[in-house]
Amino acid sequence: MAKILIVEDDKFLRDLLSARLRKEKDIEVSVAEDGEEGLKKIKEEKPNLVLLDLIMPGIDGFEVLKKAKEDEEIKNIKIIVLSNLGQEEEIKKALDLGAEDYLIKAHFTLEEILSKIRSYL
């Protein structure tokens with residue numbers, strides 16, 4: 001069973017993503033509402049994959065990504081950024097920090113996001 005952590009402060013999107021992923025028989029879903037909770041859950045739950053928003057209150061997604069990749073215990077956990085930010089510099093920064101992939105929310109359907117997730121599991 002694959003464990004996926006969704007770190008997203010937008011309740012509507014968080015609920016939509018988790019509801020869709022929970023329909024999959026082989027995926028277990030966990031959610032975090034902000035970067036601080038996300039980082040804590042990555043360490044505690046050690047999911048197979050993290051879907052990470054960038055713009056969140058408190059610790060933003062870039063900081064979560066940086067701290068996760070610097071931590072020996074969790075640095076190999078795959079992280080896919082799912083953000084509204086689409087500037088080349090933000091994409092490059094996230095990938096340089098160690099994100100597996102960068103998906104711009106407006107450009108992908110739920111099914112395409114699920115397909116991307118499957119390709120990394």
# chains A, B, ... in the order shown; residues from 1 in each chain; ligands from 1

$ select_by_dssp --residues "chain A" --states "helix (DSSP H, G or I)" --output "tab-separated table (two decimals) with C-alpha atoms, in the first residue's frame"
chain	number	residue	atom	x	y	z
A	11	LYS	CA	-9.32	23.10	2.03
A	12	PHE	CA	-11.33	22.68	-1.18
A	13	LEU	CA	-8.35	21.39	-3.17
A	14	ARG	CA	-7.05	19.29	-0.26
A	15	ASP	CA	-10.46	17.60	0.10
A	16	LEU	CA	-10.80	17.12	-3.67
A	17	LEU	CA	-7.37	15.51	-4.03
A	18	SER	CA	-7.72	13.29	-0.96
A	19	ALA	CA	-11.23	12.15	-1.97
A	20	ARG	CA	-9.97	11.21	-5.44
A	21	LEU	CA	-6.88	9.40	-4.15
A	22	ARG	CA	-8.86	7.53	-1.50
A	35	GLY	CA	4.15	23.49	5.94
A	36	GLU	CA	4.89	22.96	9.61
A	37	GLU	CA	2.33	20.14	9.94
A	38	GLY	CA	3.51	18.77	6.59
A	39	LEU	CA	7.14	18.53	7.67
A	40	LYS	CA	6.11	16.90	10.96
A	41	LYS	CA	3.98	14.31	9.13
A	42	ILE	CA	6.71	13.56	6.57
A	43	LYS	CA	9.04	12.70	9.48
A	44	GLU	CA	6.43	10.72	11.44
A	45	GLU	CA	4.62	8.89	8.64
A	61	GLY	CA	6.65	24.70	0.39
A	62	PHE	CA	10.17	25.70	-0.64
A	63	GLU	CA	11.25	25.57	3.02
A	64	VAL	CA	9.51	22.20	3.54
A	65	LEU	CA	11.28	20.84	0.47
A	66	LYS	CA	14.66	22.20	1.58
A	67	LYS	CA	14.34	20.81	5.13
A	68	ALA	CA	13.06	17.42	3.92
A	69	LYS	CA	15.95	17.00	1.47
A	70	GLU	CA	18.53	18.02	4.13
A	88	GLU	CA	10.37	29.48	-14.61
A	89	GLU	CA	12.43	30.64	-11.60
A	90	GLU	CA	10.00	28.99	-9.12
A	91	ILE	CA	9.95	25.76	-11.09
A	92	LYS	CA	13.76	25.74	-11.30
A	93	LYS	CA	14.11	26.52	-7.58
A	94	ALA	CA	11.79	23.64	-6.59
A	95	LEU	CA	13.56	21.17	-8.89
A	96	ASP	CA	16.97	22.37	-7.67
A	105	LYS	CA	-2.51	23.24	-10.66
A	106	ALA	CA	-4.39	24.92	-13.49
A	107	HIS	CA	-2.70	22.75	-16.14
A	110	LEU	CA	-7.26	15.13	-11.16
A	111	GLU	CA	-6.77	12.12	-13.43
A	112	GLU	CA	-3.54	13.55	-14.86
A	113	ILE	CA	-2.28	14.24	-11.34
A	114	LEU	CA	-3.12	10.64	-10.36
A	115	SER	CA	-1.28	9.39	-13.44
A	116	LYS	CA	1.81	11.44	-12.47
A	117	ILE	CA	1.64	10.07	-8.92
A	118	ARG	CA	1.45	6.49	-10.25
A	119	SER	CA	4.54	7.08	-12.41
A	120	TYR	CA	6.56	7.91	-9.26

$ closest_residue --among "A:Gly58, A:Ser30, A:Leu97, A:Leu52" --to "Val81 in chain A" --atoms "only C-alpha atoms"
A:Leu52

$ closest_residue --among "A:Lys25, A:Glu33, A:Lys46, A:Tyr102" --to "Lys3 in chain A" --atoms "only C-alpha atoms"
A:Lys46

$ select_by_dssp --residues "chain A" --states "strand (DSSP E)" --output "ChimeraX atom specification"
/A:2-7,27-32,49-52,78-83,101-104

$ atom_distance --atom1 "CA of Ile6 in chain A" --atom2 "CA of Ile79 in chain A"
10.0 Å

$ residues_around --residues "Ile55 in chain A" --least-positions-apart "5" --cutoff "10 Å" --atoms "only C-alpha atoms" --output "PyMOL selection string"
chain A and resi 8-10+34-35+60-62+83-85

$ atom_distance --atom1 "CA of Asn48 in chain A" --atom2 "CA of Leu82 in chain A"
16.1 Å

$ decode --residues "range 53-82 of chain A" --atoms "N, CA and C atoms" --output "short mmCIF file (atom, residue, chain, number, x, y, z; two decimals), in the first residue's frame"
data_model
loop_
_atom_site.label_atom_id
_atom_site.label_comp_id
_atom_site.auth_asym_id
_atom_site.auth_seq_id
_atom_site.Cartn_x
_atom_site.Cartn_y
_atom_site.Cartn_z
N ASP A 53 2.15 21.84 -1.85
CA ASP A 53 1.85 23.19 -2.31
C ASP A 53 3.02 24.08 -1.90
N LEU A 54 3.20 25.21 -2.59
CA LEU A 54 4.31 26.11 -2.24
C LEU A 54 3.87 27.28 -1.38
N ILE A 55 2.75 27.90 -1.73
CA ILE A 55 2.31 29.09 -1.01
C ILE A 55 1.39 28.68 0.14
N MET A 56 1.95 28.73 1.35
CA MET A 56 1.19 28.35 2.54
C MET A 56 1.59 29.29 3.67
N PRO A 57 0.72 29.45 4.66
CA PRO A 57 1.09 30.29 5.82
C PRO A 57 2.21 29.63 6.61
N GLY A 58 2.99 30.43 7.31
CA GLY A 58 4.10 29.87 8.10
C GLY A 58 5.23 29.40 7.19
N ILE A 59 5.62 28.15 7.34
CA ILE A 59 6.69 27.57 6.51
C ILE A 59 6.12 27.29 5.12
N ASP A 60 6.71 27.89 4.09
CA ASP A 60 6.20 27.64 2.73
C ASP A 60 6.76 26.33 2.17
N GLY A 61 6.25 25.96 1.00
CA GLY A 61 6.65 24.70 0.39
C GLY A 61 8.13 24.60 0.06
N PHE A 62 8.74 25.73 -0.33
CA PHE A 62 10.17 25.70 -0.64
C PHE A 62 10.96 25.30 0.61
N GLU A 63 10.56 25.86 1.76
CA GLU A 63 11.25 25.57 3.02
C GLU A 63 11.03 24.11 3.43
N VAL A 64 9.80 23.61 3.24
CA VAL A 64 9.51 22.20 3.54
C VAL A 64 10.40 21.30 2.69
N LEU A 65 10.47 21.61 1.41
CA LEU A 65 11.28 20.84 0.47
C LEU A 65 12.75 20.86 0.88
N LYS A 66 13.26 22.03 1.19
CA LYS A 66 14.66 22.20 1.58
C LYS A 66 14.96 21.37 2.84
N LYS A 67 14.11 21.52 3.86
CA LYS A 67 14.34 20.81 5.13
C LYS A 67 14.21 19.29 4.96
N ALA A 68 13.25 18.86 4.14
CA ALA A 68 13.06 17.42 3.92
C ALA A 68 14.28 16.82 3.22
N LYS A 69 14.82 17.53 2.24
CA LYS A 69 15.95 17.00 1.47
C LYS A 69 17.27 17.09 2.25
N GLU A 70 17.32 17.92 3.30
CA GLU A 70 18.53 18.02 4.13
C GLU A 70 18.52 16.98 5.25
N ASP A 71 17.37 16.37 5.50
CA ASP A 71 17.20 15.42 6.60
C ASP A 71 17.51 14.00 6.11
N GLU A 72 18.58 13.41 6.65
CA GLU A 72 19.00 12.06 6.24
C GLU A 72 17.88 11.03 6.28
N GLU A 73 17.02 11.15 7.30
CA GLU A 73 15.96 10.18 7.51
C GLU A 73 14.88 10.19 6.42
N ILE A 74 14.64 11.36 5.86
CA ILE A 74 13.50 11.50 4.93
C ILE A 74 13.88 12.04 3.55
N LYS A 75 15.18 12.23 3.30
CA LYS A 75 15.60 12.89 2.06
C LYS A 75 15.25 12.12 0.78
N ASN A 76 15.02 10.80 0.90
CA ASN A 76 14.71 10.01 -0.31
C ASN A 76 13.21 9.91 -0.61
N ILE A 77 12.39 10.53 0.22
CA ILE A 77 10.94 10.53 -0.05
C ILE A 77 10.68 11.42 -1.26
N LYS A 78 9.91 10.89 -2.19
CA LYS A 78 9.62 11.63 -3.42
C LYS A 78 8.63 12.76 -3.12
N ILE A 79 8.93 13.95 -3.65
CA ILE A 79 8.07 15.11 -3.45
C ILE A 79 7.70 15.70 -4.81
N ILE A 80 6.41 15.81 -5.05
CA ILE A 80 5.91 16.46 -6.26
C ILE A 80 5.28 17.78 -5.85
N VAL A 81 5.76 18.86 -6.42
CA VAL A 81 5.20 20.18 -6.13
C VAL A 81 3.94 20.35 -6.97
N LEU A 82 2.88 20.80 -6.32
CA LEU A 82 1.62 21.08 -6.99
C LEU A 82 1.25 22.50 -6.60
#
